[in-house]
Amino acid sequence: MRMGRCLACVALAGVFGLNSGAGQPHVYGFEKQGGFIAPDAGLSLARRHQDIYAAPSNPAFHVVSYRLDLFLAMVNENFAGRNQITLVMKAPADSLVLYQLKLTIDSISVNGVRRVYTVDDANERFTVHLGLLHQSGDTLRLTVAYRRVPAIPRLTDRLGYYYFHDTIPGLPANLGYTMSEPGDARCWMPCYDEPWEKSTAEMSVTVPAGYVAASNGRLLGTIVNGDGTVTWHWKEDHQVATYLMCATVSKFTVPSSILARAPGDSIPVEYFTWPRDSAAAAAYIPTVKQMITNLGKLYGPYPWDKYGMSSVSPFAYGGMEHQTITTLHEAYQTNQDVVVHELAHQWWGDLVTCGSWPDIWLNESFATYSEALWRETLGGPVALQGLLRDMLGFNQGSWSGAVYNPEGQGFYLFSDLVYSKGAWVLHTLRGAIGDSAFFRSLRMWRQLYSEKSAVTADFQSAVESVTGRDMSWFFNEWIYGPGWPVYSIASDWGGGTLSLRIAQQQDAGWPTYTMPLQVRVYTGSRDTTLTVWDSLRTEDFRFTFLTRPDSIAFDPDGWVLHQAGTPIGPPFGPGTPLSFSLRQNYPNPFNTSSTIAFVVPGIVTGNAAPAGVKLTVYDLLGRRVATLVDENRSPGEYFERFDGTARASGVYFYRLEIQPAGGGSITAVRKMVLVK
Ligand SMILES: [Zn+2]
């Protein structure tokens, strides 16, 4: 889901030339406005999910499929429906508890037999009394006939089904659509709507002739009925969460195009728009096809049988990623950030769905970072950095929270915390583990949980399986921990040594970050990029630099979400004795090269006696495969690169031997893993 930006603000941005990117305003999360202004007045979002929704029941069943028939008169918010729910019992039970809110249920049958039911509107559920004990493994078909009657008072932000008559100024035709995230599917169909529960969905929508009904999956056909109505019959054969099911109805035209995903494999790309928007939508379809292709290269092929978008207004959001058929606000139907955000959700949110609402960042942060990746596709790292800078929101209330579980910390479920800050955290992860491991992790995430739901710990496991490293340091700091790092750096040079001091000045209650940080040292026309593992509130690093650097840049390529701190000083000198160390290579495992850091002990001065230094690499059989260093070196910190391009995957050892000028010998051995 994407929050919209106040339409007036969009217009102003255009007038005053405040556009970012390709002539379009970036659509910020709602907090950026200093309080949410709904794109369309009258639709309020000021609610908290946990305050309103009943605690989930632990069902004795799994829903296999929904077969939903909707009958929309398109004259008011009235409609009639019938939902056939096929479910399999997971435990013995003589009753079933499902969800509904303010629906009028007319009858319920189970396997063709009428059954007694009770409705508990306060707790948003209904109970079907089965009349006998069903056993685990039994398949039941529940048929619920119901109506939505407008006379019942409803919360305006939990209608589930939204109807607008063409008497509203500017509306070209009557409009009806569903909007369910997070838990409002129960407001338009009896169901079991939790994000971890997925099933197949088939929907037939009967509307007056002239109306077009868009829904999930493939269009099986349209039937012209004898009573002046038409039935649109859609089927989603893939697993879908209830909050991603939808029906969107108006007098649409449908410009479309075919996208060849692979040889012999094509899908339609369609826009359901009003005639006034049709030409612009049609002209934008080639861009959407390019987005599908590009995201497919990053995340694996687009997963569904079609991609459609319907363009509506009024709508309280910028867009909503209904599976295979995104709903977009009319004002954003060609806004690249919103369009690519919702498209990216087809992978992150729809194909792999957050396993609970505290895990919502797995949907929203990924979709928001995809906006930046699309900018990177178009304009390279500079364009990506530009959008990320626009997203910075240190003064946003929710940003101080942890990305995980916004509501548990008192924040709105869809606050900017899980959009912009979460996108930045993913970018930081990418910087920490490298492009190859990052995108392999995403494809692994997809492979493991395709058409399933999964939680944050599952994502961490996917990243760990790719990197071969325990990633709890990263997740504890950036996902489960509040805040962000505030870095200040000081440097000094003397006697051939560059000294760096990195201070972390963030709130004492925020994590102390363990992070690989890059420092770029400029000397004349040359620059050298150093990577240090910073893990303390104040930490010093020393490097051998024979000439005085002109300047240094901290995090020069913008990989780490951080704020600049207050200057630290005074500069410290190079007289502190260094002690011997051989550090773990980074990255590890690696493909195809890795850096090994070590320290030659002693006092760093211009005339320190050099020591004999030998750094060698061996394979598992003890054969020497490389000699990286074999010479005298002065006390200081050194970085050597091992290039495994010509080597086979496997375990290697690196051995450091130092013979100080005063005599004796110090050795250390560490293990590294080359993965190709
Ligand atoms: Zn979203």
# chains A, B, ... in the order shown; residues from 1 in each chain; ligands from 1

call {"tool": "select_by_dssp", "arguments": {"residues": "region 138-230 of chain A", "states": "strand (DSSP E or B)", "output": "JSON, numbers by chain"}}
result
{"A": [139, 140, 141, 142, 143, 144, 145, 146, 147, 148, 161, 162, 163, 164, 175, 176, 177, 178, 191, 198, 199, 200, 201, 202, 203, 204, 205, 206, 207, 208, 212, 213, 214, 215, 218, 219, 220, 221, 222, 223, 224, 229, 230]}

call {"tool": "residues_near_ligand", "arguments": {"ligand": "ligand 1", "cutoff": "7 Å", "atoms": "only C-alpha atoms and all ligand atoms", "output": "PyMOL selection string"}}
result
chain A and resi 1-2+320-321+341-342+345+363-364+367-368

call {"tool": "select_by_dssp", "arguments": {"residues": "region 23-226 of chain A", "states": "helix (DSSP H, G or I)", "output": "PDB file with N, CA and C atoms, in the first residue's frame"}}
result
ATOM      1  N   PHE A  30       2.817   9.466   4.731  1.00  0.00           N
ATOM      2  CA  PHE A  30       1.864  10.466   5.208  1.00  0.00           C
ATOM      3  C   PHE A  30       2.439  11.393   6.259  1.00  0.00           C
ATOM      4  N   GLU A  31       3.423  10.893   7.029  1.00  0.00           N
ATOM      5  CA  GLU A  31       3.935  11.740   8.099  1.00  0.00           C
ATOM      6  C   GLU A  31       4.683  12.956   7.581  1.00  0.00           C
ATOM      7  N   LYS A  32       5.144  12.867   6.335  1.00  0.00           N
ATOM      8  CA  LYS A  32       5.916  13.973   5.789  1.00  0.00           C
ATOM      9  C   LYS A  32       5.085  15.248   5.692  1.00  0.00           C
ATOM     10  N   GLN A  33       3.803  15.099   5.751  1.00  0.00           N
ATOM     11  CA  GLN A  33       2.957  16.276   5.656  1.00  0.00           C
ATOM     12  C   GLN A  33       2.759  16.925   7.025  1.00  0.00           C
ATOM     13  N   HIS A  49      -4.794  -0.205  13.996  1.00  0.00           N
ATOM     14  CA  HIS A  49      -5.257  -1.558  13.743  1.00  0.00           C
ATOM     15  C   HIS A  49      -5.505  -2.328  15.029  1.00  0.00           C
ATOM     16  N   GLN A  50      -4.561  -2.272  15.960  1.00  0.00           N
ATOM     17  CA  GLN A  50      -4.684  -3.113  17.148  1.00  0.00           C
ATOM     18  C   GLN A  50      -5.829  -2.683  18.059  1.00  0.00           C
ATOM     19  N   ASP A  51      -6.173  -1.398  17.998  1.00  0.00           N
ATOM     20  CA  ASP A  51      -7.243  -0.929  18.860  1.00  0.00           C
ATOM     21  C   ASP A  51      -8.596  -1.460  18.407  1.00  0.00           C
ATOM     22  N   ILE A  52      -8.706  -1.722  17.128  1.00  0.00           N
ATOM     23  CA  ILE A  52     -10.003  -1.990  16.543  1.00  0.00           C
ATOM     24  C   ILE A  52     -10.237  -3.474  16.297  1.00  0.00           C
ATOM     25  N   ALA A 185     -11.287  -7.082   4.785  1.00  0.00           N
ATOM     26  CA  ALA A 185     -11.965  -8.009   3.862  1.00  0.00           C
ATOM     27  C   ALA A 185     -13.258  -8.506   4.507  1.00  0.00           C
ATOM     28  N   ARG A 186     -13.227  -8.643   5.816  1.00  0.00           N
ATOM     29  CA  ARG A 186     -14.404  -9.127   6.553  1.00  0.00           C
ATOM     30  C   ARG A 186     -15.573  -8.150   6.458  1.00  0.00           C
ATOM     31  N   CYS A 187     -15.306  -6.919   6.021  1.00  0.00           N
ATOM     32  CA  CYS A 187     -16.378  -5.934   5.861  1.00  0.00           C
ATOM     33  C   CYS A 187     -17.122  -6.105   4.540  1.00  0.00           C
TER      34      CYS A 187
END

call {"tool": "residues_around", "arguments": {"residues": "region 613-616 of chain A", "least_positions_apart": "3", "cutoff": "10 Å", "atoms": "only C-alpha atoms", "output": "PyMOL selection string"}}
result
chain A and resi 596+598+600+610+624-634+640+642+653-660+665-669

call {"tool": "atom_distance", "arguments": {"atom1": "CA of Thr127 (chain A)", "atom2": "CA of Ser65 (chain A)"}}
result
18.9 Å

call {"tool": "closest_residue", "arguments": {"among": "A:Arg125, A:Thr528, A:Tyr192, A:Leu244", "to": "Ser180 (chain A)", "atoms": "only C-alpha atoms"}}
result
A:Leu244

call {"tool": "atom_distance", "arguments": {"atom1": "CA of Ala372 (chain A)", "atom2": "CA of Val352 (chain A)"}}
result
20.1 Å

call {"tool": "residues_around", "arguments": {"residues": "Val113 (chain A)", "least_positions_apart": "3", "cutoff": "12 Å", "atoms": "only C-alpha atoms", "output": "list in words"}}
result
Ser107, Ile108, Ser109, Val110, Val116, Val128, His129, Leu130, Gly131, Leu132, Leu140, Arg141, Leu142, Thr143 and Val144 of chain A

call {"tool": "write_last_selection", "arguments": {"atoms": "C-alpha atoms", "output": "mmCIF file, in the first residue's frame"}}
result
data_model
loop_
_atom_site.group_PDB
_atom_site.id
_atom_site.type_symbol
_atom_site.label_atom_id
_atom_site.label_comp_id
_atom_site.auth_asym_id
_atom_site.auth_seq_id
_atom_site.Cartn_x
_atom_site.Cartn_y
_atom_site.Cartn_z
ATOM 1 C CA SER A 107 -28.135 -18.428 5.558
ATOM 2 C CA ILE A 108 -25.213 -20.774 6.047
ATOM 3 C CA SER A 109 -24.947 -24.315 4.805
ATOM 4 C CA VAL A 110 -22.159 -26.844 5.287
ATOM 5 C CA VAL A 116 -27.271 -22.787 12.772
ATOM 6 C CA VAL A 128 -21.113 -21.893 12.552
ATOM 7 C CA HIS A 129 -22.455 -24.800 14.581
ATOM 8 C CA LEU A 130 -21.696 -27.931 12.593
ATOM 9 C CA GLY A 131 -24.139 -30.239 14.354
ATOM 10 C CA LEU A 132 -21.500 -32.958 14.591
ATOM 11 C CA LEU A 140 -16.034 -28.862 4.378
ATOM 12 C CA ARG A 141 -17.759 -26.522 1.968
ATOM 13 C CA LEU A 142 -19.288 -23.596 3.743
ATOM 14 C CA THR A 143 -21.772 -21.530 1.734
ATOM 15 C CA VAL A 144 -22.651 -18.158 3.229
#

call {"tool": "closest_atom_pairs", "arguments": {"of": "region 267-305 of chain A", "to": "region 206-211 of chain A", "cutoff": "12 Å", "atoms": "only C-alpha atoms", "output": "tab-separated table"}}
result
residue	atom	partner	partner_atom	distance
A:Phe272	CA	A:Tyr211	CA	11.2
A:Thr273	CA	A:Tyr211	CA	11.7
A:Trp274	CA	A:Tyr211	CA	11.0

call {"tool": "residues_around", "arguments": {"residues": "Leu328 (chain A)", "least_positions_apart": "5", "cutoff": "6 Å", "atoms": "only C-alpha atoms", "output": "list in words"}}
result
Ser310, Ser311, Gly319 and Gln333 of chain A

call {"tool": "write_last_selection", "arguments": {"atoms": "N, CA and C atoms", "output": "mmCIF file, in the first residue's frame"}}
result
data_model
loop_
_atom_site.group_PDB
_atom_site.id
_atom_site.type_symbol
_atom_site.label_atom_id
_atom_site.label_comp_id
_atom_site.auth_asym_id
_atom_site.auth_seq_id
_atom_site.Cartn_x
_atom_site.Cartn_y
_atom_site.Cartn_z
ATOM 1 N N SER A 310 -6.043 -0.638 -11.857
ATOM 2 C CA SER A 310 -7.271 0.121 -12.059
ATOM 3 C C SER A 310 -7.070 1.491 -11.426
ATOM 4 N N SER A 311 -7.586 2.488 -12.096
ATOM 5 C CA SER A 311 -7.350 3.877 -11.703
ATOM 6 C C SER A 311 -8.660 4.453 -11.194
ATOM 7 N N GLY A 319 -1.951 4.028 -3.682
ATOM 8 C CA GLY A 319 -2.155 2.784 -4.408
ATOM 9 C C GLY A 319 -2.285 1.621 -3.455
ATOM 10 N N GLN A 333 -1.733 7.549 -11.511
ATOM 11 C CA GLN A 333 -1.741 6.388 -12.406
ATOM 12 C C GLN A 333 -0.497 6.314 -13.294
#

call {"tool": "residues_around", "arguments": {"residues": "Trp478 (chain A)", "least_positions_apart": "3", "cutoff": "9 Å", "atoms": "only C-alpha atoms", "output": "mmCIF file with C-alpha atoms, in the first residue's frame"}}
result
data_model
loop_
_atom_site.group_PDB
_atom_site.id
_atom_site.type_symbol
_atom_site.label_atom_id
_atom_site.label_comp_id
_atom_site.auth_asym_id
_atom_site.auth_seq_id
_atom_site.Cartn_x
_atom_site.Cartn_y
_atom_site.Cartn_z
ATOM 1 C CA ALA A 402 12.252 0.022 15.513
ATOM 2 C CA VAL A 403 11.282 -1.019 11.991
ATOM 3 C CA GLY A 422 12.760 0.573 6.253
ATOM 4 C CA VAL A 425 17.663 -0.103 6.304
ATOM 5 C CA THR A 428 22.207 -0.374 4.526
ATOM 6 C CA LEU A 429 21.940 -4.169 4.480
ATOM 7 C CA TRP A 473 24.013 -8.246 14.802
ATOM 8 C CA PHE A 474 22.414 -6.479 11.841
ATOM 9 C CA PHE A 475 18.793 -7.421 12.607
ATOM 10 C CA GLY A 481 16.387 -1.779 17.663
ATOM 11 C CA PRO A 482 15.200 1.843 17.715
ATOM 12 C CA GLY A 483 16.872 4.880 16.198
ATOM 13 C CA TRP A 484 19.874 5.138 13.911
ATOM 14 C CA PRO A 511 21.982 0.415 19.870
ATOM 15 C CA TYR A 513 26.157 -0.263 15.991
#

call {"tool": "closest_residue", "arguments": {"among": "A:Ala213, A:Ala553, A:Met3, A:Leu68", "to": "Val338 (chain A)", "atoms": "only C-alpha atoms"}}
result
A:Met3

call {"tool": "residues_around", "arguments": {"residues": "region 457-469 of chain A", "least_positions_apart": "2", "cutoff": "7 Å", "atoms": "only C-alpha atoms", "output": "ChimeraX atom specification"}}
result
/A:437,440-441,444-445,454-455,471,589

call {"tool": "write_last_selection", "arguments": {"atoms": "N, CA and C atoms", "output": "short mmCIF file (atom, residue, chain, number, x, y, z; two decimals), in the first residue's frame"}}
result
data_model
loop_
_atom_site.label_atom_id
_atom_site.label_comp_id
_atom_site.auth_asym_id
_atom_site.auth_seq_id
_atom_site.Cartn_x
_atom_site.Cartn_y
_atom_site.Cartn_z
N ALA A 437 25.34 -10.74 -2.64
CA ALA A 437 24.67 -11.44 -1.55
C ALA A 437 23.28 -10.86 -1.29
N ARG A 440 20.96 -12.05 -4.11
CA ARG A 440 20.76 -13.50 -3.95
C ARG A 440 19.88 -13.78 -2.74
N SER A 441 20.01 -12.98 -1.70
CA SER A 441 19.16 -13.17 -0.50
C SER A 441 17.69 -12.94 -0.86
N MET A 444 16.47 -15.84 -2.79
CA MET A 444 16.32 -16.97 -1.86
C MET A 444 15.03 -16.82 -1.04
N TRP A 445 14.77 -15.61 -0.60
CA TRP A 445 13.55 -15.28 0.16
C TRP A 445 12.33 -15.65 -0.67
N ALA A 454 5.55 -15.31 5.60
CA ALA A 454 6.73 -15.55 6.42
C ALA A 454 7.01 -14.32 7.27
N VAL A 455 7.80 -14.54 8.32
CA VAL A 455 8.05 -13.47 9.30
C VAL A 455 9.51 -13.03 9.23
N MET A 471 23.58 -13.17 11.10
CA MET A 471 23.23 -11.78 10.82
C MET A 471 22.48 -11.14 11.97
N PRO A 589 31.62 -15.67 3.91
CA PRO A 589 32.24 -16.20 2.70
C PRO A 589 32.31 -15.13 1.61
#

call {"tool": "closest_residue", "arguments": {"among": "A:Gln84, A:Ser356, A:Asn294, A:Thr104", "to": "Leu413 (chain A)", "atoms": "only C-alpha atoms"}}
result
A:Ser356

call {"tool": "decode", "arguments": {"residues": "region 185-317 of chain A", "atoms": "C-alpha atoms", "output": "PDB file, in the first residue's frame"}}
result
ATOM      1  CA  ALA A 185     -11.965  -8.009   3.862  1.00  0.00           C
ATOM      2  CA  ARG A 186     -14.404  -9.127   6.553  1.00  0.00           C
ATOM      3  CA  CYS A 187     -16.378  -5.934   5.861  1.00  0.00           C
ATOM      4  CA  TRP A 188     -17.315  -7.139   2.378  1.00  0.00           C
ATOM      5  CA  MET A 189     -17.094 -10.923   2.551  1.00  0.00           C
ATOM      6  CA  PRO A 190     -17.372 -13.495   5.323  1.00  0.00           C
ATOM      7  CA  CYS A 191     -13.901 -15.029   5.489  1.00  0.00           C
ATOM      8  CA  TYR A 192     -10.901 -15.803   7.620  1.00  0.00           C
ATOM      9  CA  ASP A 193      -8.746 -12.760   6.956  1.00  0.00           C
ATOM     10  CA  GLU A 194      -5.343 -13.055   8.523  1.00  0.00           C
ATOM     11  CA  PRO A 195      -2.149 -12.406   6.551  1.00  0.00           C
ATOM     12  CA  TRP A 196      -0.732 -15.847   7.241  1.00  0.00           C
ATOM     13  CA  GLU A 197      -3.749 -17.612   5.723  1.00  0.00           C
ATOM     14  CA  LYS A 198      -3.654 -18.046   1.939  1.00  0.00           C
ATOM     15  CA  SER A 199      -5.986 -19.801  -0.454  1.00  0.00           C
ATOM     16  CA  THR A 200      -7.112 -19.679  -4.067  1.00  0.00           C
ATOM     17  CA  ALA A 201      -9.837 -17.230  -5.038  1.00  0.00           C
ATOM     18  CA  GLU A 202     -12.478 -17.229  -7.723  1.00  0.00           C
ATOM     19  CA  MET A 203     -14.768 -14.256  -8.062  1.00  0.00           C
ATOM     20  CA  SER A 204     -17.757 -13.582 -10.270  1.00  0.00           C
ATOM     21  CA  VAL A 205     -19.018 -10.017 -10.203  1.00  0.00           C
ATOM     22  CA  THR A 206     -22.423  -9.288 -11.709  1.00  0.00           C
ATOM     23  CA  VAL A 207     -22.973  -5.654 -12.676  1.00  0.00           C
ATOM     24  CA  PRO A 208     -25.310  -3.686 -14.950  1.00  0.00           C
ATOM     25  CA  ALA A 209     -24.328  -3.820 -18.620  1.00  0.00           C
ATOM     26  CA  GLY A 210     -21.775  -1.102 -19.430  1.00  0.00           C
ATOM     27  CA  TYR A 211     -19.780  -1.622 -16.241  1.00  0.00           C
ATOM     28  CA  VAL A 212     -16.423  -3.378 -16.136  1.00  0.00           C
ATOM     29  CA  ALA A 213     -15.409  -5.388 -13.066  1.00  0.00           C
ATOM     30  CA  ALA A 214     -11.682  -5.936 -12.454  1.00  0.00           C
ATOM     31  CA  SER A 215     -10.484  -8.615 -10.062  1.00  0.00           C
ATOM     32  CA  ASN A 216      -7.638 -11.003  -9.282  1.00  0.00           C
ATOM     33  CA  GLY A 217      -6.094 -13.495 -11.672  1.00  0.00           C
ATOM     34  CA  ARG A 218      -7.266 -14.555 -15.114  1.00  0.00           C
ATOM     35  CA  LEU A 219     -10.507 -13.472 -16.741  1.00  0.00           C
ATOM     36  CA  LEU A 220     -12.332 -16.732 -17.399  1.00  0.00           C
ATOM     37  CA  GLY A 221     -15.040 -14.918 -19.351  1.00  0.00           C
ATOM     38  CA  THR A 222     -17.950 -12.531 -19.315  1.00  0.00           C
ATOM     39  CA  ILE A 223     -21.561 -13.674 -19.441  1.00  0.00           C
ATOM     40  CA  VAL A 224     -24.329 -11.413 -20.714  1.00  0.00           C
ATOM     41  CA  ASN A 225     -27.354 -12.217 -18.593  1.00  0.00           C
ATOM     42  CA  GLY A 226     -30.974 -11.846 -19.738  1.00  0.00           C
ATOM     43  CA  ASP A 227     -31.764  -9.192 -17.135  1.00  0.00           C
ATOM     44  CA  GLY A 228     -29.493  -6.438 -18.420  1.00  0.00           C
ATOM     45  CA  THR A 229     -26.536  -7.478 -16.295  1.00  0.00           C
ATOM     46  CA  VAL A 230     -23.116  -8.847 -17.154  1.00  0.00           C
ATOM     47  CA  THR A 231     -21.094 -11.262 -15.047  1.00  0.00           C
ATOM     48  CA  TRP A 232     -17.311 -10.880 -14.995  1.00  0.00           C
ATOM     49  CA  HIS A 233     -15.707 -14.144 -13.948  1.00  0.00           C
ATOM     50  CA  TRP A 234     -12.161 -13.996 -12.568  1.00  0.00           C
ATOM     51  CA  LYS A 235     -10.008 -16.729 -11.065  1.00  0.00           C
ATOM     52  CA  GLU A 236      -6.740 -16.539  -9.156  1.00  0.00           C
ATOM     53  CA  ASP A 237      -5.242 -20.041  -9.222  1.00  0.00           C
ATOM     54  CA  HIS A 238      -2.306 -18.937  -7.116  1.00  0.00           C
ATOM     55  CA  GLN A 239      -2.354 -18.544  -3.361  1.00  0.00           C
ATOM     56  CA  VAL A 240      -3.669 -15.167  -2.260  1.00  0.00           C
ATOM     57  CA  ALA A 241      -4.201 -13.538   1.133  1.00  0.00           C
ATOM     58  CA  THR A 242      -7.707 -12.144   1.676  1.00  0.00           C
ATOM     59  CA  TYR A 243      -6.492  -8.547   2.045  1.00  0.00           C
ATOM     60  CA  LEU A 244      -5.166  -8.791  -1.528  1.00  0.00           C
ATOM     61  CA  MET A 245      -8.493  -9.882  -3.047  1.00  0.00           C
ATOM     62  CA  CYS A 246     -10.549  -7.157  -4.672  1.00  0.00           C
ATOM     63  CA  ALA A 247     -13.329  -6.069  -6.983  1.00  0.00           C
ATOM     64  CA  THR A 248     -13.112  -2.688  -8.723  1.00  0.00           C
ATOM     65  CA  VAL A 249     -16.088  -1.595 -10.824  1.00  0.00           C
ATOM     66  CA  SER A 250     -16.875   1.384 -13.026  1.00  0.00           C
ATOM     67  CA  LYS A 251     -17.417   2.260 -16.689  1.00  0.00           C
ATOM     68  CA  PHE A 252     -13.790   1.597 -17.554  1.00  0.00           C
ATOM     69  CA  THR A 253     -11.978   1.305 -20.817  1.00  0.00           C
ATOM     70  CA  VAL A 254      -9.121  -1.180 -20.781  1.00  0.00           C
ATOM     71  CA  PRO A 255      -5.997  -0.307 -22.764  1.00  0.00           C
ATOM     72  CA  SER A 256      -3.708  -3.307 -22.698  1.00  0.00           C
ATOM     73  CA  SER A 257      -0.555  -4.756 -24.141  1.00  0.00           C
ATOM     74  CA  ILE A 258       1.201  -8.107 -24.165  1.00  0.00           C
ATOM     75  CA  LEU A 259       4.481  -8.602 -22.319  1.00  0.00           C
ATOM     76  CA  ALA A 260       6.693 -11.488 -23.431  1.00  0.00           C
ATOM     77  CA  ARG A 261       8.184 -12.753 -20.154  1.00  0.00           C
ATOM     78  CA  ALA A 262      10.146 -15.506 -21.840  1.00  0.00           C
ATOM     79  CA  PRO A 263       9.954 -17.289 -25.212  1.00  0.00           C
ATOM     80  CA  GLY A 264       6.440 -18.741 -25.451  1.00  0.00           C
ATOM     81  CA  ASP A 265       5.387 -17.104 -22.183  1.00  0.00           C
ATOM     82  CA  SER A 266       3.366 -13.896 -22.414  1.00  0.00           C
ATOM     83  CA  ILE A 267       1.109 -12.049 -20.011  1.00  0.00           C
ATOM     84  CA  PRO A 268      -1.325  -9.168 -20.538  1.00  0.00           C
ATOM     85  CA  VAL A 269      -0.587  -5.786 -18.958  1.00  0.00           C
ATOM     86  CA  GLU A 270      -3.822  -3.849 -18.542  1.00  0.00           C
ATOM     87  CA  TYR A 271      -5.085  -0.517 -17.252  1.00  0.00           C
ATOM     88  CA  PHE A 272      -8.714  -0.185 -16.162  1.00  0.00           C
ATOM     89  CA  THR A 273      -9.302   3.538 -16.566  1.00  0.00           C
ATOM     90  CA  TRP A 274     -11.992   6.042 -17.324  1.00  0.00           C
ATOM     91  CA  PRO A 275     -11.996   7.213 -20.963  1.00  0.00           C
ATOM     92  CA  ARG A 276     -10.521  10.581 -19.939  1.00  0.00           C
ATOM     93  CA  ASP A 277      -7.384   8.793 -18.641  1.00  0.00           C
ATOM     94  CA  SER A 278      -7.211   6.081 -21.242  1.00  0.00           C
ATOM     95  CA  ALA A 279      -4.738   7.665 -23.670  1.00  0.00           C
ATOM     96  CA  ALA A 280      -2.299   8.601 -20.905  1.00  0.00           C
ATOM     97  CA  ALA A 281      -2.578   5.131 -19.388  1.00  0.00           C
ATOM     98  CA  ALA A 282      -2.010   3.442 -22.747  1.00  0.00           C
ATOM     99  CA  ALA A 283       1.039   5.612 -23.354  1.00  0.00           C
ATOM    100  CA  TYR A 284       2.443   4.596 -19.957  1.00  0.00           C
ATOM    101  CA  ILE A 285       2.066   0.822 -20.437  1.00  0.00           C
ATOM    102  CA  PRO A 286       5.493   0.438 -22.144  1.00  0.00           C
ATOM    103  CA  THR A 287       7.088   1.954 -19.018  1.00  0.00           C
ATOM    104  CA  VAL A 288       5.166  -0.490 -16.814  1.00  0.00           C
ATOM    105  CA  LYS A 289       6.365  -3.367 -18.986  1.00  0.00           C
ATOM    106  CA  GLN A 290       9.924  -2.128 -18.550  1.00  0.00           C
ATOM    107  CA  MET A 291       9.406  -2.010 -14.785  1.00  0.00           C
ATOM    108  CA  ILE A 292       8.107  -5.595 -14.785  1.00  0.00           C
ATOM    109  CA  THR A 293      11.112  -6.750 -16.789  1.00  0.00           C
ATOM    110  CA  ASN A 294      13.609  -4.886 -14.626  1.00  0.00           C
ATOM    111  CA  LEU A 295      12.174  -5.991 -11.300  1.00  0.00           C
ATOM    112  CA  GLY A 296      12.093  -9.515 -12.751  1.00  0.00           C
ATOM    113  CA  LYS A 297      15.846  -9.333 -13.303  1.00  0.00           C
ATOM    114  CA  LEU A 298      16.397  -8.351  -9.676  1.00  0.00           C
ATOM    115  CA  TYR A 299      13.796 -10.510  -7.919  1.00  0.00           C
ATOM    116  CA  GLY A 300      13.151 -13.366 -10.348  1.00  0.00           C
ATOM    117  CA  PRO A 301      10.438 -13.385 -13.044  1.00  0.00           C
ATOM    118  CA  TYR A 302       7.105 -11.646 -12.443  1.00  0.00           C
ATOM    119  CA  PRO A 303       5.059 -14.366 -10.760  1.00  0.00           C
ATOM    120  CA  TRP A 304       1.459 -13.988 -11.958  1.00  0.00           C
ATOM    121  CA  ASP A 305      -0.692 -14.594 -15.034  1.00  0.00           C
ATOM    122  CA  LYS A 306      -1.389 -10.926 -15.675  1.00  0.00           C
ATOM    123  CA  TYR A 307      -0.601  -7.487 -14.351  1.00  0.00           C
ATOM    124  CA  GLY A 308      -3.429  -5.014 -14.211  1.00  0.00           C
ATOM    125  CA  MET A 309      -3.991  -1.621 -12.650  1.00  0.00           C
ATOM    126  CA  SER A 310      -7.271   0.121 -12.059  1.00  0.00           C
ATOM    127  CA  SER A 311      -7.350   3.877 -11.703  1.00  0.00           C
ATOM    128  CA  VAL A 312      -9.909   5.334  -9.292  1.00  0.00           C
ATOM    129  CA  SER A 313     -10.838   8.470  -7.400  1.00  0.00           C
ATOM    130  CA  PRO A 314     -11.802   9.201  -4.646  1.00  0.00           C
ATOM    131  CA  PHE A 315      -9.290   6.890  -2.968  1.00  0.00           C
ATOM    132  CA  ALA A 316      -7.671   7.431   0.416  1.00  0.00           C
ATOM    133  CA  TYR A 317      -4.328   5.991  -0.705  1.00  0.00           C
TER     134      TYR A 317
END
